[in-house]
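Listing of entry-v6.pdb, PDB, C-alpha atoms and all ligand atoms
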ATOM      1  CA  MET A   1     -11.254  -9.710   4.412
ATOM      2  CA  ASP A   2     -13.098  -8.457   7.458
ATOM      3  CA  GLU A   3     -16.882  -8.250   6.779
ATOM      4  CA  GLU A   4     -17.258  -4.999   8.694
ATOM      5  CA  ILE A   5     -14.579  -3.313   6.574
ATOM      6  CA  LEU A   6     -16.282  -4.539   3.373
ATOM      7  CA  HIS A   7     -19.497  -3.023   4.672
ATOM      8  CA  ASP A   8     -17.722   0.261   5.514
ATOM      9  CA  VAL A   9     -16.258   0.417   1.981
ATOM     10  CA  LEU A  10     -19.710  -0.180   0.464
ATOM     11  CA  GLU A  11     -21.344   2.453   2.683
ATOM     12  CA  ALA A  12     -18.596   5.010   2.081
ATOM     13  CA  ASN A  13     -18.873   4.645  -1.711
ATOM     14  CA  ARG A  14     -22.663   5.094  -1.463
ATOM     15  CA  ARG A  15     -22.072   8.155   0.728
ATOM     16  CA  LEU A  16     -19.973   9.949  -1.952
ATOM     17  CA  PRO A  17     -22.894  11.371  -3.992
ATOM     18  CA  ARG A  18     -24.954  12.080  -0.839
ATOM     19  CA  GLU A  19     -22.130  14.251   0.488
ATOM     20  CA  GLY A  20     -21.939  16.124  -2.822
ATOM     21  CA  LEU A  21     -18.397  14.884  -3.415
ATOM     22  CA  VAL A  22     -18.949  13.229  -6.802
ATOM     23  CA  SER A  23     -20.735  13.663 -10.099
ATOM     24  CA  LEU A  24     -21.260  10.659 -12.424
ATOM     25  CA  THR A  25     -18.812   7.990 -11.115
ATOM     26  CA  TRP A  26     -15.853  10.298 -10.450
ATOM     27  CA  GLY A  27     -14.890   8.926  -7.112
ATOM     28  CA  ASN A  28     -13.891   5.774  -5.303
ATOM     29  CA  VAL A  29     -13.295   4.573  -1.777
ATOM     30  CA  SER A  30     -11.112   1.679  -0.651
ATOM     31  CA  GLY A  31     -10.407   0.104   2.717
ATOM     32  CA  ARG A  32      -7.538  -2.007   4.021
ATOM     33  CA  ASP A  33      -8.008  -4.809   6.513
ATOM     34  CA  PRO A  34      -5.048  -4.240   8.860
ATOM     35  CA  LYS A  35      -5.037  -7.936   9.899
ATOM     36  CA  SER A  36      -4.885  -9.576   6.462
ATOM     37  CA  GLY A  37      -3.449  -6.555   4.608
ATOM     38  CA  LEU A  38      -6.088  -7.045   1.890
ATOM     39  CA  VAL A  39      -7.728  -4.042   0.221
ATOM     40  CA  ALA A  40     -11.362  -3.744  -0.919
ATOM     41  CA  ILE A  41     -12.213  -1.189  -3.603
ATOM     42  CA  LYS A  42     -15.116  -0.050  -5.764
ATOM     43  CA  PRO A  43     -15.466  -1.664  -9.199
ATOM     44  CA  SER A  44     -14.848   0.573 -12.207
ATOM     45  CA  GLY A  45     -17.741   2.535 -13.703
ATOM     46  CA  VAL A  46     -20.514   1.033 -11.529
ATOM     47  CA  SER A  47     -23.018   3.606 -10.244
ATOM     48  CA  TYR A  48     -23.126   4.106  -6.489
ATOM     49  CA  ASP A  49     -26.771   3.046  -6.074
ATOM     50  CA  GLU A  50     -26.099  -0.260  -7.877
ATOM     51  CA  LEU A  51     -23.168  -1.176  -5.638
ATOM     52  CA  GLN A  52     -23.465  -4.315  -3.522
ATOM     53  CA  ILE A  53     -21.057  -6.024  -1.126
ATOM     54  CA  ASP A  54     -20.261  -8.701  -3.721
ATOM     55  CA  SER A  55     -19.511  -6.123  -6.409
ATOM     56  CA  LEU A  56     -16.502  -4.910  -4.404
ATOM     57  CA  ILE A  57     -13.088  -6.133  -5.513
ATOM     58  CA  VAL A  58     -10.628  -7.495  -2.947
ATOM     59  CA  LEU A  59      -6.930  -7.408  -3.827
ATOM     60  CA  ASP A  60      -3.608  -7.941  -2.140
ATOM     61  CA  LEU A  61      -1.053  -5.130  -2.059
ATOM     62  CA  SER A  62       0.593  -6.393  -5.254
ATOM     63  CA  GLY A  63      -2.702  -5.942  -7.117
ATOM     64  CA  ALA A  64      -3.589  -9.633  -7.407
ATOM     65  CA  ILE A  65      -7.370 -10.072  -7.193
ATOM     66  CA  VAL A  66      -8.474 -12.240  -4.282
ATOM     67  CA  SER A  67     -12.223 -11.956  -4.844
ATOM     68  CA  GLY A  68     -14.690 -10.162  -7.106
ATOM     69  CA  THR A  69     -15.649 -10.636 -10.742
ATOM     70  CA  LEU A  70     -15.771  -7.001 -11.916
ATOM     71  CA  ARG A  71     -12.868  -4.819 -13.003
ATOM     72  CA  PRO A  72     -11.501  -2.766 -10.062
ATOM     73  CA  SER A  73     -11.554   1.047 -10.104
ATOM     74  CA  SER A  74      -9.148   2.529 -12.664
ATOM     75  CA  ASP A  75      -7.474   4.327  -9.721
ATOM     76  CA  THR A  76      -6.646   1.074  -7.925
ATOM     77  CA  GLU A  77      -2.890   1.335  -8.525
ATOM     78  CA  THR A  78      -2.862   4.746  -6.820
ATOM     79  CA  HIS A  79      -4.679   3.361  -3.770
ATOM     80  CA  LEU A  80      -2.332   0.358  -3.543
ATOM     81  CA  GLU A  81       0.800   2.511  -3.777
ATOM     82  CA  LEU A  82      -0.493   4.750  -0.975
ATOM     83  CA  TYR A  83      -1.257   1.713   1.234
ATOM     84  CA  ARG A  84       2.237   0.326   0.550
ATOM     85  CA  ARG A  85       3.861   3.634   1.509
ATOM     86  CA  PHE A  86       1.549   4.941   4.265
ATOM     87  CA  ALA A  87       1.579   2.684   7.342
ATOM     88  CA  GLY A  88      -1.410   3.327   9.587
ATOM     89  CA  VAL A  89      -3.655   4.395   6.718
ATOM     90  CA  ASN A  90      -6.586   1.982   6.280
ATOM     91  CA  GLY A  91      -9.036   3.980   4.193
ATOM     92  CA  ILE A  92      -8.592   6.108   1.043
ATOM     93  CA  VAL A  93     -11.109   8.363  -0.729
ATOM     94  CA  HIS A  94     -10.497   9.831  -4.175
ATOM     95  CA  THR A  95     -12.997  12.269  -5.658
ATOM     96  CA  HIS A  96     -13.072  15.197  -8.022
ATOM     97  CA  SER A  97     -15.051  17.231  -5.469
ATOM     98  CA  PRO A  98     -15.315  20.625  -7.164
ATOM     99  CA  ARG A  99     -13.869  22.975  -4.548
ATOM    100  CA  ALA A 100     -10.829  20.923  -3.604
ATOM    101  CA  THR A 101     -10.325  20.199  -7.310
ATOM    102  CA  ALA A 102     -10.465  23.948  -8.029
ATOM    103  CA  LEU A 103      -7.480  24.384  -5.676
ATOM    104  CA  CYS A 104      -5.635  21.637  -7.600
ATOM    105  CA  GLN A 105      -6.347  23.457 -10.831
ATOM    106  CA  LEU A 106      -5.259  26.803  -9.339
ATOM    107  CA  GLY A 107      -2.068  25.126  -8.075
ATOM    108  CA  LEU A 108      -2.728  26.123  -4.464
ATOM    109  CA  GLU A 109      -1.942  24.188  -1.311
ATOM    110  CA  LEU A 110      -4.419  24.620   1.553
ATOM    111  CA  PRO A 111      -3.020  26.255   4.703
ATOM    112  CA  VAL A 112      -4.741  26.085   8.100
ATOM    113  CA  LEU A 113      -7.149  29.002   7.657
ATOM    114  CA  GLY A 114      -9.376  28.233  10.637
ATOM    115  CA  THR A 115     -10.250  25.719  13.340
ATOM    116  CA  THR A 116     -12.393  23.592  10.990
ATOM    117  CA  HIS A 117      -9.199  22.715   9.153
ATOM    118  CA  ALA A 118      -7.232  22.355  12.407
ATOM    119  CA  ASP A 119      -9.697  19.734  13.694
ATOM    120  CA  HIS A 120      -8.872  17.429  10.770
ATOM    121  CA  PHE A 121      -5.459  18.379   9.389
ATOM    122  CA  ASP A 122      -2.417  19.203  11.514
ATOM    123  CA  GLY A 123      -1.013  21.719   9.042
ATOM    124  CA  THR A 124      -1.119  22.704   5.387
ATOM    125  CA  VAL A 125      -2.692  20.162   3.031
ATOM    126  CA  PRO A 126       0.099  19.934   0.450
ATOM    127  CA  LEU A 127      -0.045  20.229  -3.309
ATOM    128  CA  ALA A 128       1.545  17.198  -5.001
ATOM    129  CA  ARG A 129       3.255  17.811  -8.316
ATOM    130  CA  GLU A 130       1.805  16.899 -11.685
ATOM    131  CA  LEU A 131       3.175  13.849 -13.489
ATOM    132  CA  THR A 132       5.723  13.995 -16.288
ATOM    133  CA  ALA A 133       4.917  12.714 -19.780
ATOM    134  CA  GLN A 134       7.223   9.732 -19.131
ATOM    135  CA  GLU A 135       5.438   8.855 -15.877
ATOM    136  CA  ILE A 136       2.031   9.051 -17.546
ATOM    137  CA  GLU A 137       3.307   6.748 -20.276
ATOM    138  CA  ALA A 138       4.859   4.307 -17.794
ATOM    139  CA  GLY A 139       1.803   4.023 -15.532
ATOM    140  CA  TYR A 140      -0.427   6.963 -14.797
ATOM    141  CA  GLU A 141      -2.190   5.622 -11.716
ATOM    142  CA  LEU A 142       0.902   4.053 -10.126
ATOM    143  CA  PHE A 143       2.955   7.211 -10.592
ATOM    144  CA  THR A 144       0.108   9.302  -9.201
ATOM    145  CA  GLY A 145       0.493   7.293  -5.985
ATOM    146  CA  LYS A 146       4.277   7.668  -6.097
ATOM    147  CA  ALA A 147       4.083  11.458  -6.595
ATOM    148  CA  ILE A 148       1.739  11.774  -3.610
ATOM    149  CA  ALA A 149       3.769   9.500  -1.323
ATOM    150  CA  ASP A 150       7.017  11.263  -2.364
ATOM    151  CA  CYS A 151       5.422  14.637  -1.590
ATOM    152  CA  PHE A 152       4.925  13.549   2.048
ATOM    153  CA  GLU A 153       8.213  11.662   2.372
ATOM    154  CA  LEU A 154      10.390  14.452   0.938
ATOM    155  CA  SER A 155       8.799  17.133   3.123
ATOM    156  CA  GLY A 156       8.783  14.912   6.243
ATOM    157  CA  VAL A 157       5.018  15.364   6.673
ATOM    158  CA  ASP A 158       3.234  12.540   8.514
ATOM    159  CA  PRO A 159       0.329  11.391   6.317
ATOM    160  CA  VAL A 160      -1.593  10.254   9.394
ATOM    161  CA  ARG A 161      -1.504  13.798  10.835
ATOM    162  CA  ILE A 162      -2.292  15.487   7.509
ATOM    163  CA  PRO A 163      -4.590  12.935   5.878
ATOM    164  CA  ALA A 164      -5.147  14.535   2.461
ATOM    165  CA  VAL A 165      -3.396  15.907  -0.595
ATOM    166  CA  LEU A 166      -4.270  18.076  -3.576
ATOM    167  CA  GLN A 167      -2.719  16.879  -6.806
ATOM    168  CA  ARG A 168      -1.787  19.542  -9.349
ATOM    169  CA  TYR A 169      -4.167  19.641 -12.343
ATOM    170  CA  HIS A 170      -5.975  16.579 -10.972
ATOM    171  CA  ALA A 171      -7.977  16.296  -7.778
ATOM    172  CA  PRO A 172      -7.845  15.519  -4.048
ATOM    173  CA  PHE A 173      -7.132  12.275  -2.230
ATOM    174  CA  ALA A 174      -8.043  11.931   1.449
ATOM    175  CA  TRP A 175      -7.347   9.048   3.806
ATOM    176  CA  GLY A 176      -7.497   7.988   7.426
ATOM    177  CA  ARG A 177      -6.883   5.267   9.990
ATOM    178  CA  SER A 178     -10.251   3.785   8.956
ATOM    179  CA  VAL A 179     -12.617   4.034   6.004
ATOM    180  CA  ARG A 180     -15.003   6.202   8.014
ATOM    181  CA  ALA A 181     -12.200   8.559   9.086
ATOM    182  CA  ALA A 182     -11.078   8.823   5.455
ATOM    183  CA  MET A 183     -14.612   9.798   4.392
ATOM    184  CA  ASP A 184     -14.870  12.405   7.138
ATOM    185  CA  ASN A 185     -11.534  13.860   6.046
ATOM    186  CA  ALA A 186     -12.679  14.004   2.400
ATOM    187  CA  VAL A 187     -15.810  15.905   3.461
ATOM    188  CA  ALA A 188     -13.790  18.219   5.727
ATOM    189  CA  LEU A 189     -11.322  18.928   2.925
ATOM    190  CA  GLU A 190     -14.119  19.968   0.565
ATOM    191  CA  VAL A 191     -15.649  22.274   3.204
ATOM    192  CA  CYS A 192     -12.248  23.844   3.961
ATOM    193  CA  ALA A 193     -11.569  24.303   0.232
ATOM    194  CA  ASP A 194     -14.956  26.017  -0.097
ATOM    195  CA  MET A 195     -14.024  28.449   2.680
ATOM    196  CA  ALA A 196     -10.610  29.092   1.093
ATOM    197  CA  LEU A 197     -12.265  29.923  -2.237
ATOM    198  CA  ALA A 198     -14.660  32.274  -0.411
ATOM    199  CA  MET A 199     -11.657  34.056   1.119
ATOM    200  CA  LEU A 200      -9.990  34.343  -2.293
ATOM    201  CA  ALA A 201     -13.245  35.657  -3.787
ATOM    202  CA  ALA A 202     -13.302  38.294  -1.040
ATOM    203  CA  GLY A 203      -9.796  39.314  -2.079
ATOM    204  CA  ARG A 204      -8.203  37.988   1.127
ATOM    205  CA  PRO A 205      -4.863  36.128   1.220
ATOM    206  CA  LEU A 206      -4.734  32.497   2.424
ATOM    207  CA  GLU A 207      -2.817  33.227   5.627
ATOM    208  CA  PRO A 208      -2.484  30.467   8.227
ATOM    209  CA  ILE A 209      -3.898  30.944  11.730
ATOM    210  CA  PRO A 210      -1.537  31.045  14.760
ATOM    211  CA  THR A 211      -0.045  27.594  15.454
ATOM    212  CA  HIS A 212      -1.171  27.536  19.108
ATOM    213  CA  ILE A 213      -4.802  27.515  17.914
ATOM    214  CA  THR A 214      -4.101  24.608  15.548
ATOM    215  CA  ARG A 215      -2.338  22.798  18.420
ATOM    216  CA  LYS A 216      -5.333  23.174  20.729
ATOM    217  CA  HIS A 217      -7.763  21.826  18.136
ATOM    218  CA  GLN A 218      -5.517  18.900  17.178
ATOM    219  CA  ASP A 219      -4.928  17.985  20.822
ATOM    220  CA  ARG A 220      -8.553  18.067  21.883
ATOM    221  CA  LYS A 221      -9.587  15.906  18.941
ATOM    222  CA  HIS A 222      -6.594  13.593  18.472
ATOM    223  CA  GLY A 223      -4.280  14.015  21.497
ATOM    224  CA  PRO A 224      -3.880  11.678  24.490
ATOM    225  CA  ASN A 225      -6.196  13.884  26.588
ATOM    226  CA  GLN A 226      -8.808  14.377  23.882
ATOM    227  CA  THR A 227     -12.083  15.915  25.016
ATOM    228  CA  TYR A 228     -14.025  15.594  21.754
ATOM    229  CA  GLY A 229     -16.740  12.966  21.373
ATOM    230  CA  GLN A 230     -17.773  10.137  23.697
ATOM    231  CA  THR A 231     -14.621   8.182  24.490
ATOM    232  CA  ALA A 232     -14.719   4.870  26.361
ATOM    233  CA  LYS A 233     -12.628   6.426  29.137
ATOM    234  CA  ARG A 234     -15.099   9.218  29.733
ATOM    235  CA  SER A 235     -18.180   7.027  29.733
ATOM    236  CA  ALA A 236     -16.458   4.500  32.012
ATOM    237  CA  THR A 237     -15.935   7.155  34.634
ATOM    238  CA  GLY A 238     -19.296   8.746  34.009
ATOM    239  CA  GLY A 239     -17.550  11.922  32.804
TER     240      GLY A 239
HETATM  241 ZN    ZN A 301      -9.098  11.297 -10.439
END
Written as structure tokens, how would this file's structure read?
Amino acid sequence: MDEEILHDVLEANRRLPREGLVSLTWGNVSGRDPKSGLVAIKPSGVSYDELQIDSLIVLDLSGAIVSGTLRPSSDTETHLELYRRFAGVNGIVHTHSPRATALCQLGLELPVLGTTHADHFDGTVPLARELTAQEIEAGYELFTGKAIADCFELSGVDPVRIPAVLQRYHAPFAWGRSVRAAMDNAVALEVCADMALAMLAAGRPLEPIPTHITRKHQDRKHGPNQTYGQTAKRSATGG
């Protein structure tokens, strides 16, 4: 397991309470090493300020523990299922952040309501269905991952382009190409959910913005000619 990724997973878990995304220990971050395929995740029930590098659990995609002495997060099976199904995703954040969770409880998906959303998500953040009684009995966390992955597969939505989901009656999951990107997407989702709730409180419908505005924001942040941030190409040419 790459040391830098372990460090990113540690830092991201510590960042959860600082970003206001978790109360108690209601959140966990994992990271996948794309070279080895191994996944590092937070141990179950350990407070964020007590976390250390060696308290993280490293597993393979089948769930076999490679290193770590503590019990992995109770949501581990969900993370593993998403890594198995979502190629290109190397970081996953699960929280019960209150505003995104409120949308889950209201049963609302999150359309592109403004450019803040468009910078991070290339379309509506979908609402994944709740689990059946049989699924909960058979394996709650595994079937949570299956319901989320199915939601993207069945609708043909690319999870790399829309790196988050709201699960009905439960809470959000966000992800990204890296652990840091996943964290940024989790923060962005909570901010966008906050703005959506403000619009609902003002009695306004959640109507999506014109697609050409979404396109522009996606392209300048993620497209081949991106102009956001300090890319190697720009600094190399002094641009
Ligand atoms: Zn949860």
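Proximity to Glu3 of chain A at 10 Å, evaluated using all atoms listed in the file and with sequence-adjacent residues fewer than 3 positions away removed, yields A:Leu6, A:His7, A:Asp8, A:Val9, A:Asp33, A:Ile53.
Here the PyMOL selection byres (((chain A and resi 13) around 8) and not hetatm) catches exactly these residues: Val9, Leu10, Glu11, Ala12, Arg14, Arg15, Leu16, Gly27, Asn28, Val29, Lys42 and Tyr48 of chain A.
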Nearest to ligand ZN 301 (chain A) by atom-to-atom distance, counting only C-alpha atoms and all ligand atoms, from A:Trp175, A:Trp26, A:Tyr83, A:Phe143: A:Trp26
Enumerate, as a list in words, the residues matched when the PyMOL selection byres (((not hetatm)) within 8 of (chain A and resi 301)) is run on the file above. Trp26, Gly27, Asp75, His94, Thr95, His96, His170, Ala171 and Pro172 of chain A
List as an NGL selection string the protein and nucleic acid residues near Pro163 of chain A, meaning an atom at most 6 Å away when only C-alpha atoms are counted, but skip any in the same chain fewer than 3 places from it. :A and (159-160 or 174-176)
I need the residue nearest Thr132 of chain A from this list: A:Arg18, A:Arg204, A:Arg177, A:Arg168. Use all atoms listed in the file for the distance. A:Arg168
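Separating atom CA of Arg84 of chain A from atom CA of Gly37 of chain A is a distance of 9.8 Å.
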Using the chain letters and numbers from the file, give me the residues hit by the PyMOL selection byres (((chain A and resi 128) around 12) and not hetatm), as a VMD selection string. chain A and resid 103 to 105 107 to 110 125 to 127 129 to 131 143 to 155 164 to 173
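Distances here use only C-alpha atoms; by that measure, the residue among A:Leu21, A:Leu189, A:Val112, A:Leu106 closest to Ile213 of chain A is A:Val112.
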Have a look at atom CA of Ala64 of chain A and atom CA of Val39 of chain A and let me know their distance in Å, one decimal.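 Atom-to-atom, atom CA of Ala64 of chain A and atom CA of Val39 of chain A are spaced 10.3 Å apart.
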Could you tell me how far atom CA of Ala138 of chain A lies from atom CA of Leu61 of chain A, in Å and to one decimal? 19.3 Å
Between A:Ala100, A:Leu113, A:Cys192, A:Leu70, which has the minimum distance to Leu51 of chain A (counting all atoms listed in the file)? A:Leu70
From the coordinates I just gave you, please extract segment 92-184 of chain A so that only C-alpha atoms remain, then output it as an mmCIF file, in the first residue's frame.
data_model
loop_
_atom_site.group_PDB
_atom_site.id
_atom_site.type_symbol
_atom_site.label_atom_id
_atom_site.label_comp_id
_atom_site.auth_asym_id
_atom_site.auth_seq_id
_atom_site.Cartn_x
_atom_site.Cartn_y
_atom_site.Cartn_z
ATOM 1 C CA ILE A 92 -14.663 7.223 -1.214
ATOM 2 C CA VAL A 93 -16.203 9.392 1.521
ATOM 3 C CA HIS A 94 -19.335 8.400 3.422
ATOM 4 C CA THR A 95 -20.872 10.811 5.916
ATOM 5 C CA HIS A 96 -24.246 11.687 7.335
ATOM 6 C CA SER A 97 -23.614 15.381 6.607
ATOM 7 C CA PRO A 98 -26.912 16.983 7.618
ATOM 8 C CA ARG A 99 -27.922 18.863 4.471
ATOM 9 C CA ALA A 100 -27.179 16.133 1.952
ATOM 10 C CA THR A 101 -28.764 13.649 4.368
ATOM 11 C CA ALA A 102 -31.875 15.859 4.549
ATOM 12 C CA LEU A 103 -32.239 15.442 0.763
ATOM 13 C CA CYS A 104 -31.957 11.651 1.211
ATOM 14 C CA GLN A 105 -34.685 11.782 3.819
ATOM 15 C CA LEU A 106 -36.869 14.011 1.613
ATOM 16 C CA GLY A 107 -36.304 11.584 -1.283
ATOM 17 C CA LEU A 108 -34.906 14.296 -3.555
ATOM 18 C CA GLU A 109 -32.163 14.009 -6.144
ATOM 19 C CA LEU A 110 -29.967 17.094 -6.572
ATOM 20 C CA PRO A 111 -30.148 18.779 -9.989
ATOM 21 C CA VAL A 112 -27.545 21.262 -11.248
ATOM 22 C CA LEU A 113 -28.939 24.411 -9.623
ATOM 23 C CA GLY A 114 -25.891 26.613 -10.166
ATOM 24 C CA THR A 115 -22.252 26.733 -11.231
ATOM 25 C CA THR A 116 -20.978 25.539 -7.825
ATOM 26 C CA HIS A 117 -22.614 22.206 -8.576
ATOM 27 C CA ALA A 118 -21.490 22.292 -12.227
ATOM 28 C CA ASP A 119 -17.834 22.642 -11.171
ATOM 29 C CA HIS A 120 -17.971 19.291 -9.356
ATOM 30 C CA PHE A 121 -20.826 17.234 -10.797
ATOM 31 C CA ASP A 122 -21.622 16.932 -14.501
ATOM 32 C CA GLY A 123 -25.365 16.602 -13.966
ATOM 33 C CA THR A 124 -27.943 15.628 -11.369
ATOM 34 C CA VAL A 125 -26.602 13.818 -8.301
ATOM 35 C CA PRO A 126 -28.937 10.810 -8.315
ATOM 36 C CA LEU A 127 -31.037 9.358 -5.537
ATOM 37 C CA ALA A 128 -30.317 5.641 -5.049
ATOM 38 C CA ARG A 129 -33.204 3.492 -3.893
ATOM 39 C CA GLU A 130 -33.655 2.211 -0.366
ATOM 40 C CA LEU A 131 -32.886 -1.439 0.354
ATOM 41 C CA THR A 132 -35.510 -4.157 0.620
ATOM 42 C CA ALA A 133 -36.019 -6.123 3.839
ATOM 43 C CA GLN A 134 -34.426 -9.159 2.143
ATOM 44 C CA GLU A 135 -31.342 -7.167 1.112
ATOM 45 C CA ILE A 136 -30.919 -5.767 4.619
ATOM 46 C CA GLU A 137 -31.146 -9.298 5.985
ATOM 47 C CA ALA A 138 -28.694 -10.684 3.418
ATOM 48 C CA GLY A 139 -26.031 -7.999 3.902
ATOM 49 C CA TYR A 140 -26.909 -4.399 4.553
ATOM 50 C CA GLU A 141 -23.577 -2.803 3.686
ATOM 51 C CA LEU A 142 -22.883 -4.950 0.611
ATOM 52 C CA PHE A 143 -26.343 -4.325 -0.819
ATOM 53 C CA THR A 144 -25.990 -0.609 -0.123
ATOM 54 C CA GLY A 145 -22.991 -0.675 -2.475
ATOM 55 C CA LYS A 146 -24.918 -2.745 -5.019
ATOM 56 C CA ALA A 147 -27.922 -0.375 -4.965
ATOM 57 C CA ILE A 148 -25.632 2.610 -5.558
ATOM 58 C CA ALA A 149 -23.607 0.957 -8.331
ATOM 59 C CA ASP A 150 -26.823 -0.311 -10.000
ATOM 60 C CA CYS A 151 -28.272 3.213 -9.861
ATOM 61 C CA PHE A 152 -25.373 4.472 -12.022
ATOM 62 C CA GLU A 153 -25.178 1.416 -14.281
ATOM 63 C CA LEU A 154 -28.915 1.281 -15.053
ATOM 64 C CA SER A 155 -29.120 4.997 -15.856
ATOM 65 C CA GLY A 156 -25.844 4.988 -17.840
ATOM 66 C CA VAL A 157 -24.378 7.736 -15.634
ATOM 67 C CA ASP A 158 -20.571 7.801 -15.420
ATOM 68 C CA PRO A 159 -19.627 7.775 -11.719
ATOM 69 C CA VAL A 160 -16.383 9.597 -12.498
ATOM 70 C CA ARG A 161 -18.321 12.530 -14.009
ATOM 71 C CA ILE A 162 -20.969 12.578 -11.266
ATOM 72 C CA PRO A 163 -18.941 11.529 -8.224
ATOM 73 C CA ALA A 164 -21.666 11.337 -5.563
ATOM 74 C CA VAL A 165 -25.003 9.781 -4.710
ATOM 75 C CA LEU A 166 -27.794 10.353 -2.212
ATOM 76 C CA GLN A 167 -29.221 7.153 -0.800
ATOM 77 C CA ARG A 168 -32.913 7.169 0.091
ATOM 78 C CA TYR A 169 -33.533 7.279 3.865
ATOM 79 C CA HIS A 170 -29.781 6.987 4.463
ATOM 80 C CA ALA A 171 -27.079 9.470 3.556
ATOM 81 C CA PRO A 172 -24.629 10.600 0.863
ATOM 82 C CA PHE A 173 -21.568 8.884 -0.561
ATOM 83 C CA ALA A 174 -19.029 10.898 -2.555
ATOM 84 C CA TRP A 175 -15.953 9.677 -4.398
ATOM 85 C CA GLY A 176 -13.229 10.739 -6.787
ATOM 86 C CA ARG A 177 -10.132 9.769 -8.741
ATOM 87 C CA SER A 178 -8.145 10.338 -5.526
ATOM 88 C CA VAL A 179 -8.862 10.557 -1.810
ATOM 89 C CA ARG A 180 -8.441 14.332 -1.884
ATOM 90 C CA ALA A 181 -10.824 14.693 -4.843
ATOM 91 C CA ALA A 182 -13.366 12.523 -3.018
ATOM 92 C CA MET A 183 -13.159 14.787 0.048
ATOM 93 C CA ASP A 184 -13.578 17.915 -2.060
#
